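Trainee: So here's upload30.pdb, just PDB, C-alpha atoms:
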ATOM      1  CA  MET A   1     -26.320 -15.375   8.841  1.00  0.00           C
ATOM      2  CA  THR A   2     -25.740 -17.767  11.719  1.00  0.00           C
ATOM      3  CA  ASP A   3     -23.455 -17.252  14.696  1.00  0.00           C
ATOM      4  CA  THR A   4     -20.987 -19.730  13.155  1.00  0.00           C
ATOM      5  CA  ALA A   5     -20.817 -18.028   9.766  1.00  0.00           C
ATOM      6  CA  ILE A   6     -17.297 -17.064   8.716  1.00  0.00           C
ATOM      7  CA  THR A   7     -17.049 -13.358   7.930  1.00  0.00           C
ATOM      8  CA  TYR A   8     -14.438 -11.426   6.002  1.00  0.00           C
ATOM      9  CA  MET A   9     -13.192  -9.920   9.266  1.00  0.00           C
ATOM     10  CA  ASP A  10     -12.799 -13.392  10.784  1.00  0.00           C
ATOM     11  CA  VAL A  11     -10.629 -14.496   7.862  1.00  0.00           C
ATOM     12  CA  GLN A  12      -8.622 -11.276   7.967  1.00  0.00           C
ATOM     13  CA  THR A  13      -7.997 -11.546  11.706  1.00  0.00           C
ATOM     14  CA  ASP A  14      -6.905 -15.159  11.358  1.00  0.00           C
ATOM     15  CA  THR A  15      -4.527 -14.237   8.515  1.00  0.00           C
ATOM     16  CA  TYR A  16      -2.970 -11.476  10.605  1.00  0.00           C
ATOM     17  CA  LYS A  17      -2.404 -13.837  13.521  1.00  0.00           C
ATOM     18  CA  HIS A  18      -0.578 -16.293  11.274  1.00  0.00           C
ATOM     19  CA  ALA A  19       1.394 -13.433   9.729  1.00  0.00           C
ATOM     20  CA  ILE A  20       2.467 -12.085  13.121  1.00  0.00           C
ATOM     21  CA  ASP A  21       3.620 -15.546  14.217  1.00  0.00           C
ATOM     22  CA  HIS A  22       5.566 -15.938  10.986  1.00  0.00           C
ATOM     23  CA  LEU A  23       7.240 -12.518  11.110  1.00  0.00           C
ATOM     24  CA  SER A  24       8.102 -12.924  14.783  1.00  0.00           C
ATOM     25  CA  SER A  25       9.844 -16.181  14.006  1.00  0.00           C
ATOM     26  CA  ILE A  26      12.189 -14.655  11.391  1.00  0.00           C
ATOM     27  CA  ASP A  27      14.614 -13.105  13.870  1.00  0.00           C
ATOM     28  CA  GLU A  28      14.817 -10.950  16.994  1.00  0.00           C
ATOM     29  CA  ASP A  29      14.520  -7.689  15.056  1.00  0.00           C
ATOM     30  CA  TRP A  30      11.218  -8.646  13.479  1.00  0.00           C
ATOM     31  CA  ALA A  31       9.913 -10.084  16.740  1.00  0.00           C
ATOM     32  CA  ARG A  32      10.766  -6.835  18.533  1.00  0.00           C
ATOM     33  CA  LEU A  33       9.125  -4.682  15.866  1.00  0.00           C
ATOM     34  CA  VAL A  34       5.903  -6.707  15.928  1.00  0.00           C
ATOM     35  CA  ALA A  35       5.794  -6.574  19.724  1.00  0.00           C
ATOM     36  CA  ILE A  36       6.256  -2.795  19.847  1.00  0.00           C
ATOM     37  CA  VAL A  37       3.874  -1.860  17.027  1.00  0.00           C
ATOM     38  CA  GLY A  38       1.270  -4.336  18.228  1.00  0.00           C
ATOM     39  CA  PRO A  39      -1.500  -6.113  16.298  1.00  0.00           C
ATOM     40  CA  CYS A  40      -1.760  -5.432  12.586  1.00  0.00           C
ATOM     41  CA  THR A  41      -4.662  -3.132  11.744  1.00  0.00           C
ATOM     42  CA  HIS A  42      -4.154  -3.074   7.983  1.00  0.00           C
ATOM     43  CA  ARG A  43      -7.502  -2.247   6.387  1.00  0.00           C
ATOM     44  CA  PRO A  44      -7.944  -2.894   2.660  1.00  0.00           C
ATOM     45  CA  ALA A  45     -10.775  -1.301   0.679  1.00  0.00           C
ATOM     46  CA  PRO A  46     -12.057  -4.312  -1.296  1.00  0.00           C
ATOM     47  CA  GLU A  47     -15.226  -2.585  -2.462  1.00  0.00           C
ATOM     48  CA  ARG A  48     -13.337  -0.406  -4.956  1.00  0.00           C
ATOM     49  CA  GLU A  49     -12.994  -1.122  -8.652  1.00  0.00           C
ATOM     50  CA  PRO A  50      -9.400  -1.288  -9.960  1.00  0.00           C
ATOM     51  CA  TYR A  51      -9.699   1.950 -11.942  1.00  0.00           C
ATOM     52  CA  GLU A  52     -10.759   3.819  -8.791  1.00  0.00           C
ATOM     53  CA  ALA A  53      -7.946   2.230  -6.782  1.00  0.00           C
ATOM     54  CA  LEU A  54      -5.390   3.215  -9.425  1.00  0.00           C
ATOM     55  CA  ILE A  55      -6.580   6.823  -9.532  1.00  0.00           C
ATOM     56  CA  ARG A  56      -6.455   7.066  -5.749  1.00  0.00           C
ATOM     57  CA  ALA A  57      -2.940   5.613  -5.771  1.00  0.00           C
ATOM     58  CA  VAL A  58      -1.874   8.206  -8.343  1.00  0.00           C
ATOM     59  CA  ALA A  59      -3.251  10.958  -6.105  1.00  0.00           C
ATOM     60  CA  TYR A  60      -1.042   9.748  -3.257  1.00  0.00           C
ATOM     61  CA  GLN A  61       2.147   9.397  -5.300  1.00  0.00           C
ATOM     62  CA  GLN A  62       5.018  11.373  -3.749  1.00  0.00           C
ATOM     63  CA  LEU A  63       2.726  13.262  -1.380  1.00  0.00           C
ATOM     64  CA  HIS A  64       2.136  13.299   2.341  1.00  0.00           C
ATOM     65  CA  ALA A  65      -1.077  11.451   3.191  1.00  0.00           C
ATOM     66  CA  ARG A  66      -2.826  14.582   4.496  1.00  0.00           C
ATOM     67  CA  ALA A  67      -2.080  16.545   1.343  1.00  0.00           C
ATOM     68  CA  ALA A  68      -3.326  13.676  -0.819  1.00  0.00           C
ATOM     69  CA  ASP A  69      -6.452  13.299   1.348  1.00  0.00           C
ATOM     70  CA  ALA A  70      -7.296  16.953   0.674  1.00  0.00           C
ATOM     71  CA  ILE A  71      -6.776  16.550  -3.079  1.00  0.00           C
ATOM     72  CA  VAL A  72      -9.006  13.468  -3.210  1.00  0.00           C
ATOM     73  CA  ALA A  73     -11.690  15.268  -1.180  1.00  0.00           C
ATOM     74  CA  ARG A  74     -11.698  18.190  -3.623  1.00  0.00           C
ATOM     75  CA  PHE A  75     -11.749  15.737  -6.536  1.00  0.00           C
ATOM     76  CA  LEU A  76     -14.823  13.926  -5.188  1.00  0.00           C
ATOM     77  CA  ASN A  77     -16.524  17.240  -4.450  1.00  0.00           C
ATOM     78  CA  MET A  78     -16.634  17.946  -8.194  1.00  0.00           C
ATOM     79  CA  TYR A  79     -19.131  15.120  -8.707  1.00  0.00           C
ATOM     80  CA  PRO A  80     -22.730  14.641  -7.520  1.00  0.00           C
ATOM     81  CA  GLY A  81     -23.027  13.250  -4.025  1.00  0.00           C
ATOM     82  CA  ASN A  82     -19.230  13.130  -3.624  1.00  0.00           C
ATOM     83  CA  VAL A  83     -19.428   9.672  -5.208  1.00  0.00           C
ATOM     84  CA  PHE A  84     -16.363   8.468  -7.076  1.00  0.00           C
ATOM     85  CA  PRO A  85     -16.942   9.309 -10.764  1.00  0.00           C
ATOM     86  CA  ARG A  86     -17.317   6.807 -13.555  1.00  0.00           C
ATOM     87  CA  PRO A  87     -14.600   6.727 -16.240  1.00  0.00           C
ATOM     88  CA  ALA A  88     -16.792   8.641 -18.695  1.00  0.00           C
ATOM     89  CA  GLN A  89     -17.343  11.393 -16.130  1.00  0.00           C
ATOM     90  CA  ILE A  90     -13.596  11.715 -15.601  1.00  0.00           C
ATOM     91  CA  LEU A  91     -12.968  12.043 -19.333  1.00  0.00           C
ATOM     92  CA  ALA A  92     -15.667  14.729 -19.547  1.00  0.00           C
ATOM     93  CA  THR A  93     -14.026  16.787 -16.789  1.00  0.00           C
ATOM     94  CA  GLN A  94     -11.962  19.766 -17.886  1.00  0.00           C
ATOM     95  CA  SER A  95      -8.289  19.861 -16.911  1.00  0.00           C
ATOM     96  CA  ASP A  96      -8.842  23.135 -15.063  1.00  0.00           C
ATOM     97  CA  GLY A  97     -11.067  21.246 -12.631  1.00  0.00           C
ATOM     98  CA  PHE A  98      -8.358  18.703 -11.908  1.00  0.00           C
ATOM     99  CA  ARG A  99      -5.749  21.441 -11.504  1.00  0.00           C
ATOM    100  CA  ALA A 100      -7.993  23.211  -8.982  1.00  0.00           C
ATOM    101  CA  CYS A 101      -8.018  20.006  -6.946  1.00  0.00           C
ATOM    102  CA  GLY A 102      -4.233  20.034  -6.804  1.00  0.00           C
ATOM    103  CA  PHE A 103      -3.320  17.481  -9.469  1.00  0.00           C
ATOM    104  CA  SER A 104      -0.180  18.121 -11.513  1.00  0.00           C
ATOM    105  CA  ALA A 105      -0.287  18.021 -15.294  1.00  0.00           C
ATOM    106  CA  ARG A 106       1.422  14.630 -15.266  1.00  0.00           C
ATOM    107  CA  LYS A 107      -1.113  13.187 -12.834  1.00  0.00           C
ATOM    108  CA  ILE A 108      -4.031  14.607 -14.836  1.00  0.00           C
ATOM    109  CA  SER A 109      -2.708  12.837 -17.924  1.00  0.00           C
ATOM    110  CA  THR A 110      -2.291   9.579 -15.994  1.00  0.00           C
ATOM    111  CA  ILE A 111      -5.813   9.787 -14.579  1.00  0.00           C
ATOM    112  CA  ARG A 112      -7.234  10.242 -18.073  1.00  0.00           C
ATOM    113  CA  HIS A 113      -5.267   7.246 -19.346  1.00  0.00           C
ATOM    114  CA  ILE A 114      -6.652   5.145 -16.487  1.00  0.00           C
ATOM    115  CA  ALA A 115     -10.219   6.197 -17.321  1.00  0.00           C
ATOM    116  CA  GLU A 116      -9.649   5.395 -21.003  1.00  0.00           C
ATOM    117  CA  GLY A 117      -8.166   2.045 -20.013  1.00  0.00           C
ATOM    118  CA  ALA A 118     -11.206   1.229 -17.900  1.00  0.00           C
ATOM    119  CA  LEU A 119     -13.495   1.887 -20.855  1.00  0.00           C
ATOM    120  CA  SER A 120     -11.336  -0.083 -23.309  1.00  0.00           C
ATOM    121  CA  GLY A 121     -10.833  -3.037 -20.962  1.00  0.00           C
ATOM    122  CA  VAL A 122      -7.106  -2.576 -20.420  1.00  0.00           C
ATOM    123  CA  VAL A 123      -7.907  -1.833 -16.788  1.00  0.00           C
ATOM    124  CA  PRO A 124      -9.842  -4.956 -15.805  1.00  0.00           C
ATOM    125  CA  SER A 125     -12.949  -5.108 -13.686  1.00  0.00           C
ATOM    126  CA  ARG A 126     -12.516  -6.292 -10.129  1.00  0.00           C
ATOM    127  CA  HIS A 127     -13.973  -9.698 -11.045  1.00  0.00           C
ATOM    128  CA  ILE A 128     -11.351 -10.229 -13.759  1.00  0.00           C
ATOM    129  CA  ALA A 129      -8.506  -8.742 -11.711  1.00  0.00           C
ATOM    130  CA  GLU A 130      -9.210 -11.123  -8.834  1.00  0.00           C
ATOM    131  CA  GLN A 131      -8.428 -14.031 -11.146  1.00  0.00           C
ATOM    132  CA  MET A 132      -5.125 -12.629 -12.417  1.00  0.00           C
ATOM    133  CA  PRO A 133      -1.719 -13.428 -10.840  1.00  0.00           C
ATOM    134  CA  ASP A 134       0.197 -10.483  -9.404  1.00  0.00           C
ATOM    135  CA  ASP A 135       2.898 -10.419 -12.085  1.00  0.00           C
ATOM    136  CA  GLU A 136       0.368 -10.643 -14.918  1.00  0.00           C
ATOM    137  CA  LEU A 137      -1.665  -7.751 -13.577  1.00  0.00           C
ATOM    138  CA  ILE A 138       1.455  -5.644 -13.010  1.00  0.00           C
ATOM    139  CA  ALA A 139       2.738  -6.313 -16.533  1.00  0.00           C
ATOM    140  CA  ARG A 140      -0.640  -5.355 -18.008  1.00  0.00           C
ATOM    141  CA  LEU A 141      -1.194  -2.143 -16.100  1.00  0.00           C
ATOM    142  CA  VAL A 142       2.310  -0.674 -16.286  1.00  0.00           C
ATOM    143  CA  GLU A 143       1.713  -0.347 -20.017  1.00  0.00           C
ATOM    144  CA  LEU A 144      -0.559   2.590 -19.188  1.00  0.00           C
ATOM    145  CA  PRO A 145       1.327   5.910 -19.416  1.00  0.00           C
ATOM    146  CA  GLY A 146       2.220   7.155 -15.953  1.00  0.00           C
ATOM    147  CA  ILE A 147       1.528   3.864 -14.186  1.00  0.00           C
ATOM    148  CA  GLY A 148       4.492   2.181 -12.522  1.00  0.00           C
ATOM    149  CA  ARG A 149       4.916  -0.966 -10.499  1.00  0.00           C
ATOM    150  CA  TRP A 150       4.348   0.805  -7.157  1.00  0.00           C
ATOM    151  CA  THR A 151       0.923   2.065  -8.234  1.00  0.00           C
ATOM    152  CA  VAL A 152      -0.209  -1.427  -9.223  1.00  0.00           C
ATOM    153  CA  GLU A 153       1.186  -2.861  -6.000  1.00  0.00           C
ATOM    154  CA  MET A 154      -1.048  -0.455  -4.061  1.00  0.00           C
ATOM    155  CA  LEU A 155      -3.977  -1.896  -6.030  1.00  0.00           C
ATOM    156  CA  LEU A 156      -2.877  -5.425  -5.127  1.00  0.00           C
ATOM    157  CA  ILE A 157      -2.528  -4.575  -1.449  1.00  0.00           C
ATOM    158  CA  TYR A 158      -5.499  -2.339  -0.783  1.00  0.00           C
ATOM    159  CA  THR A 159      -8.140  -3.432  -3.292  1.00  0.00           C
ATOM    160  CA  LEU A 160      -7.403  -7.037  -4.201  1.00  0.00           C
ATOM    161  CA  MET A 161      -6.240  -7.867  -0.653  1.00  0.00           C
ATOM    162  CA  ARG A 162      -3.165  -9.794  -1.767  1.00  0.00           C
ATOM    163  CA  THR A 163      -1.176 -10.801   1.318  1.00  0.00           C
ATOM    164  CA  ASP A 164       2.265 -11.370  -0.218  1.00  0.00           C
ATOM    165  CA  VAL A 165       3.213  -8.030  -1.798  1.00  0.00           C
ATOM    166  CA  MET A 166       6.170  -5.898  -0.701  1.00  0.00           C
ATOM    167  CA  PRO A 167       6.697  -2.738  -2.788  1.00  0.00           C
ATOM    168  CA  ALA A 168      10.500  -2.831  -2.911  1.00  0.00           C
ATOM    169  CA  ASP A 169      10.663   0.617  -4.542  1.00  0.00           C
ATOM    170  CA  ASP A 170       8.730   2.250  -1.714  1.00  0.00           C
ATOM    171  CA  PHE A 171      10.960   4.659   0.204  1.00  0.00           C
ATOM    172  CA  GLY A 172       9.063   4.194   3.464  1.00  0.00           C
ATOM    173  CA  ILE A 173       9.553   0.435   3.376  1.00  0.00           C
ATOM    174  CA  ARG A 174      13.247   0.701   2.551  1.00  0.00           C
ATOM    175  CA  ALA A 175      13.777   3.348   5.243  1.00  0.00           C
ATOM    176  CA  GLY A 176      11.875   1.211   7.727  1.00  0.00           C
ATOM    177  CA  TYR A 177      14.042  -1.796   6.941  1.00  0.00           C
ATOM    178  CA  ARG A 178      17.190   0.298   7.368  1.00  0.00           C
ATOM    179  CA  PHE A 179      16.096   1.182  10.896  1.00  0.00           C
ATOM    180  CA  LEU A 180      14.936  -2.358  11.617  1.00  0.00           C
ATOM    181  CA  LYS A 181      18.351  -3.770  10.763  1.00  0.00           C
ATOM    182  CA  PHE A 182      20.474  -0.810  11.897  1.00  0.00           C
ATOM    183  CA  LEU A 183      21.948  -0.377   8.422  1.00  0.00           C
ATOM    184  CA  ASP A 184      24.234   2.517   7.529  1.00  0.00           C
ATOM    185  CA  SER A 185      22.328   3.246   4.339  1.00  0.00           C
ATOM    186  CA  ILE A 186      18.926   2.615   2.821  1.00  0.00           C
ATOM    187  CA  PRO A 187      18.809  -0.602   0.759  1.00  0.00           C
ATOM    188  CA  ASP A 188      18.036  -0.313  -2.930  1.00  0.00           C
ATOM    189  CA  SER A 189      15.022  -2.029  -4.462  1.00  0.00           C
ATOM    190  CA  ARG A 190      16.939  -5.182  -5.406  1.00  0.00           C
ATOM    191  CA  GLU A 191      18.311  -5.537  -1.890  1.00  0.00           C
ATOM    192  CA  MET A 192      14.835  -4.927  -0.507  1.00  0.00           C
ATOM    193  CA  GLN A 193      13.347  -7.639  -2.692  1.00  0.00           C
ATOM    194  CA  LYS A 194      15.868 -10.107  -1.292  1.00  0.00           C
ATOM    195  CA  ALA A 195      15.323  -8.888   2.268  1.00  0.00           C
ATOM    196  CA  GLY A 196      11.581  -9.438   1.909  1.00  0.00           C
ATOM    197  CA  LEU A 197      11.829 -13.089   0.930  1.00  0.00           C
ATOM    198  CA  PRO A 198      11.827 -14.442   4.517  1.00  0.00           C
ATOM    199  CA  CYS A 199       8.557 -12.562   5.105  1.00  0.00           C
ATOM    200  CA  SER A 200       6.718 -14.544   2.408  1.00  0.00           C
ATOM    201  CA  PRO A 201       3.851 -15.447   2.268  1.00  0.00           C
ATOM    202  CA  TYR A 202       2.998 -12.392   4.391  1.00  0.00           C
ATOM    203  CA  ARG A 203       5.004  -9.624   2.744  1.00  0.00           C
ATOM    204  CA  THR A 204       1.992  -7.295   2.717  1.00  0.00           C
ATOM    205  CA  ILE A 205       1.739  -7.467   6.505  1.00  0.00           C
ATOM    206  CA  ALA A 206       5.526  -7.070   6.777  1.00  0.00           C
ATOM    207  CA  SER A 207       5.209  -3.929   4.648  1.00  0.00           C
ATOM    208  CA  TRP A 208       2.534  -2.601   6.989  1.00  0.00           C
ATOM    209  CA  TYR A 209       4.922  -2.974   9.929  1.00  0.00           C
ATOM    210  CA  LEU A 210       7.865  -1.425   8.071  1.00  0.00           C
ATOM    211  CA  TRP A 211       5.763   1.594   7.123  1.00  0.00           C
ATOM    212  CA  ARG A 212       5.334   2.265  10.836  1.00  0.00           C
ATOM    213  CA  VAL A 213       8.971   2.105  11.905  1.00  0.00           C
ATOM    214  CA  PRO A 214       9.955   5.774  11.360  1.00  0.00           C
ATOM    215  CA  SER A 215       6.906   7.006  13.281  1.00  0.00           C
ATOM    216  CA  LEU A 216       7.591   5.010  16.436  1.00  0.00           C
ATOM    217  CA  PRO A 217       7.907   7.759  19.063  1.00  0.00           C
ATOM    218  CA  ASP A 218      10.552   6.071  21.204  1.00  0.00           C
ATOM    219  CA  TYR A 219      12.577   4.408  18.471  1.00  0.00           C
ATOM    220  CA  VAL A 220      16.236   5.373  18.552  1.00  0.00           C
ATOM    221  CA  LYS A 221      18.778   4.265  15.967  1.00  0.00           C
ATOM    222  CA  LYS A 222      22.114   3.389  17.497  1.00  0.00           C
ATOM    223  CA  THR A 223      24.704   0.709  16.852  1.00  0.00           C
ATOM    224  CA  ARG A 224      23.647  -2.905  17.075  1.00  0.00           C
ATOM    225  CA  ASP A 225      25.927  -3.475  20.070  1.00  0.00           C
ATOM    226  CA  ASN A 226      24.054  -1.117  22.367  1.00  0.00           C
ATOM    227  CA  SER A 227      20.745  -0.574  20.663  1.00  0.00           C
ATOM    228  CA  VAL A 228      17.257  -2.014  20.900  1.00  0.00           C
ATOM    229  CA  PHE A 229      13.838  -0.694  20.087  1.00  0.00           C
ATOM    230  CA  SER A 230      12.645   1.318  23.034  1.00  0.00           C
ATOM    231  CA  ALA A 231       9.385   0.242  24.588  1.00  0.00           C
ATOM    232  CA  PRO A 232       6.583   2.787  24.224  1.00  0.00           C
ATOM    233  CA  SER A 233       6.885   5.379  26.971  1.00  0.00           C
ATOM    234  CA  THR A 234       4.371   5.277  29.815  1.00  0.00           C
ATOM    235  CA  ALA A 235       5.206   8.783  30.968  1.00  0.00           C
ATOM    236  CA  SER A 236       2.425  11.329  30.749  1.00  0.00           C
TER     237      SER A 236
END
As structure tokens - that is how I would like this structure written.
Mentor:
Amino acid sequence: MTDTAITYMDVQTDTYKHAIDHLSSIDEDWARLVAIVGPCTHRPAPEREPYEALIRAVAYQQLHARAADAIVARFLNMYPGNVFPRPAQILATQSDGFRACGFSARKISTIRHIAEGALSGVVPSRHIAEQMPDDELIARLVELPGIGRWTVEMLLIYTLMRTDVMPADDFGIRAGYRFLKFLDSIPDSREMQKAGLPCSPYRTIASWYLWRVPSLPDYVKKTRDNSVFSAPSTAS
């Protein structure tokens, strides 16, 4: 590789710069959020196969990240070398093993359906998935029992590295947008879809910023007349 070779990280960094410029140009609220959060450090995991990405997404459904991290760690510990299991290995695993990891009965069933789908071809390989439009892939995978739109959107964002996906059903995104715009209530998914349109073609990066709104340490929600995002505190 030469010094002038374009790497994945180069492309990613360039995309983020364009995304930040675009989001900052939408309005003052977006510009303020981008300035306070700082550079986007979204990190996809493009090396994963779709079936692995789907199973990981299922593990994180409706759980705090730390709890889900522990479940996934116990899950991987069941297999040699802590390597993510192949679909056939998952199907050969007894339900008691999954329950010991912390998976609910519903999630165990969903994981088995994903593994079966990977073997039958319903869950495409990464090579095939990369060639499929977002809507086509969503429509195909939500046919699997237990798989909803949000789960497939996590696959699009974190594995297939799609840059224009905003999971409108995601509570964190809707709550983040409520704070961003000083709304009295959290927008529903239809309202969130409409609100995300100005962020296109960088709705994935916009989602990354919205996910971080509630955790801003010095963010205070007040009325629009007397409220701004607080700058990060420099006090020790």
Trainee: Step by step, work through what the PyMOL selection byres ((chain A and resi 71) around 8) selects in the shown file, and finish by giving those residues as a ChimeraX atom specification.
Mentor: /A:59,67-70,72-75,101-103
Trainee: Give me the box for stretch 14-33 of chain A as AutoDock Vina command-line options, namely the centre and edge lengths in Å to one decimal of a box along x, y and z that holds every listed atom plus 6 Å on each side.
Mentor:
--center_x 4.0 --center_y -10.5 --center_z 13.5 --size_x 33.7 --size_y 23.6 --size_z 22.0
Trainee: Do a neighbour search on A:Tyr177 at 9 Å with only C-alpha atoms, toss out local chain neighbours closer than 6 positions, and write the hits as a list in words.
Mentor: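 Listing them by chain and then by number gives Leu183, Ile186, Pro187, Met192, Ala195, Leu210, Trp211 and Val213 of chain A.
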Trainee: May I have the protein, DNA and RNA residues with any atom at most 8 Å from the point (10.1, -0.9, 15.7), counting all atoms listed in the file, written as a ChimeraX atom specification?
Mentor: /A:32-34,36-37,179-180,210,212-214,216,219,229
Trainee: Just so the selection is clear, what residues does the PyMOL selection byres ((chain A and resi 152-155) around 8) cover here, as a ChimeraX atom specification?
Mentor: /A:50,53-54,57,137-138,141-142,147-151,156-160,165-167
Trainee: For the file shown, report as a VMD selection string the outcome of the PyMOL selection byres ((chain A and resi 197) around 12) at residue level.
Mentor: chain A and resid 23 26 164 to 166 168 190 to 196 198 to 204 206 to 207
Trainee: Using all atoms listed in the file for the distances, tell me which of A:Glu130, A:Asp184, A:Glu116, A:Asp170 is nearest to A:Leu144.
Mentor: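 Among the listed residues, A:Glu116 lies closest to A:Leu144.
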Trainee: Quick check, in Å to one decimal: how far apart do atom CA of A:Ile205 and atom CA of A:Pro46 lie?
Mentor: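 About the pair atom CA of A:Ile205 and atom CA of A:Pro46: they are 16.2 Å apart.
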Trainee: Can you tell me, as a list in words, what residues are no more than 8 Å from A:Val58 when counting all atoms listed in the file, ignoring any on the same chain fewer than 3 positions away?
Mentor: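 Contacts, in chain order: Leu54, Ile55, Gln61, Lys107, Thr110, Ile111 and Thr151 of chain A.
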Trainee: Mind giving me the straight-line distance from atom CA of A:Met132 to atom CA of A:Pro44 in Å, one decimal?
Mentor: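 Taking atom CA of A:Met132 and atom CA of A:Pro44, their separation equals 18.2 Å.
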Trainee: Closest to A:Pro145 among A:Gly117, A:Pro217, A:Gly172, A:Pro80, using only C-alpha atoms?
Mentor: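 Selected residue with least distance to A:Pro145: A:Gly117.
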Trainee: Which of these residues is nearest to A:Thr41, using all atoms listed in the file: A:Gln12, A:Ile114, A:His64, A:Asp29?
Mentor: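 Using all atoms listed in the file, the shortest distance to A:Thr41 belongs to A:Gln12.
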Trainee: Find, counting only C-alpha atoms, the residue in A:Ala115, A:Ile108, A:Leu76, A:Leu63 that gets nearest to A:Ala88.
Mentor: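 Ranked by minimum distance to A:Ala88, first place goes to A:Ala115.
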Trainee: Go ahead and compute the interatomic distance for atom CA of A:Ala65 and atom CA of A:Ala35, in Å to one decimal.
Mentor: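 Between these atoms lies a distance of 25.4 Å.
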Trainee: Pick from A:His42, A:Lys17, A:His127, A:His22: nearest to A:Trp208, with only C-alpha atoms counted?
Mentor: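 Of A:His42, A:Lys17, A:His127, A:His22, the one nearest A:Trp208 is A:His42, counting only C-alpha atoms.
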Trainee: Would you kindly identify which residues have an atom no farther than 9 Å from (-14.7, 8.8, -14.1), using only C-alpha atoms and the file's own coordinates, and write them out as a PDB file with C-alpha atoms, keeping the file's coordinate frame?
Mentor:
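Full text of out-v1.pdb as output:
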ATOM      1  CA  TYR A  51      -9.699   1.950 -11.942  1.00  0.00           C
ATOM      2  CA  GLU A  52     -10.759   3.819  -8.791  1.00  0.00           C
ATOM      3  CA  PHE A  84     -16.363   8.468  -7.076  1.00  0.00           C
ATOM      4  CA  PRO A  85     -16.942   9.309 -10.764  1.00  0.00           C
ATOM      5  CA  ARG A  86     -17.317   6.807 -13.555  1.00  0.00           C
ATOM      6  CA  PRO A  87     -14.600   6.727 -16.240  1.00  0.00           C
ATOM      7  CA  ALA A  88     -16.792   8.641 -18.695  1.00  0.00           C
ATOM      8  CA  GLN A  89     -17.343  11.393 -16.130  1.00  0.00           C
ATOM      9  CA  ILE A  90     -13.596  11.715 -15.601  1.00  0.00           C
ATOM     10  CA  LEU A  91     -12.968  12.043 -19.333  1.00  0.00           C
ATOM     11  CA  ALA A  92     -15.667  14.729 -19.547  1.00  0.00           C
ATOM     12  CA  THR A  93     -14.026  16.787 -16.789  1.00  0.00           C
ATOM     13  CA  ILE A 111      -5.813   9.787 -14.579  1.00  0.00           C
ATOM     14  CA  ARG A 112      -7.234  10.242 -18.073  1.00  0.00           C
ATOM     15  CA  ALA A 115     -10.219   6.197 -17.321  1.00  0.00           C
TER      16      ALA A 115
END
Trainee: Using all atoms listed in the file, can you tell me which of A:Ser95, A:Thr163, A:Ile173, A:Ser125 comes closest to A:Ser109?
Mentor: A:Ser95
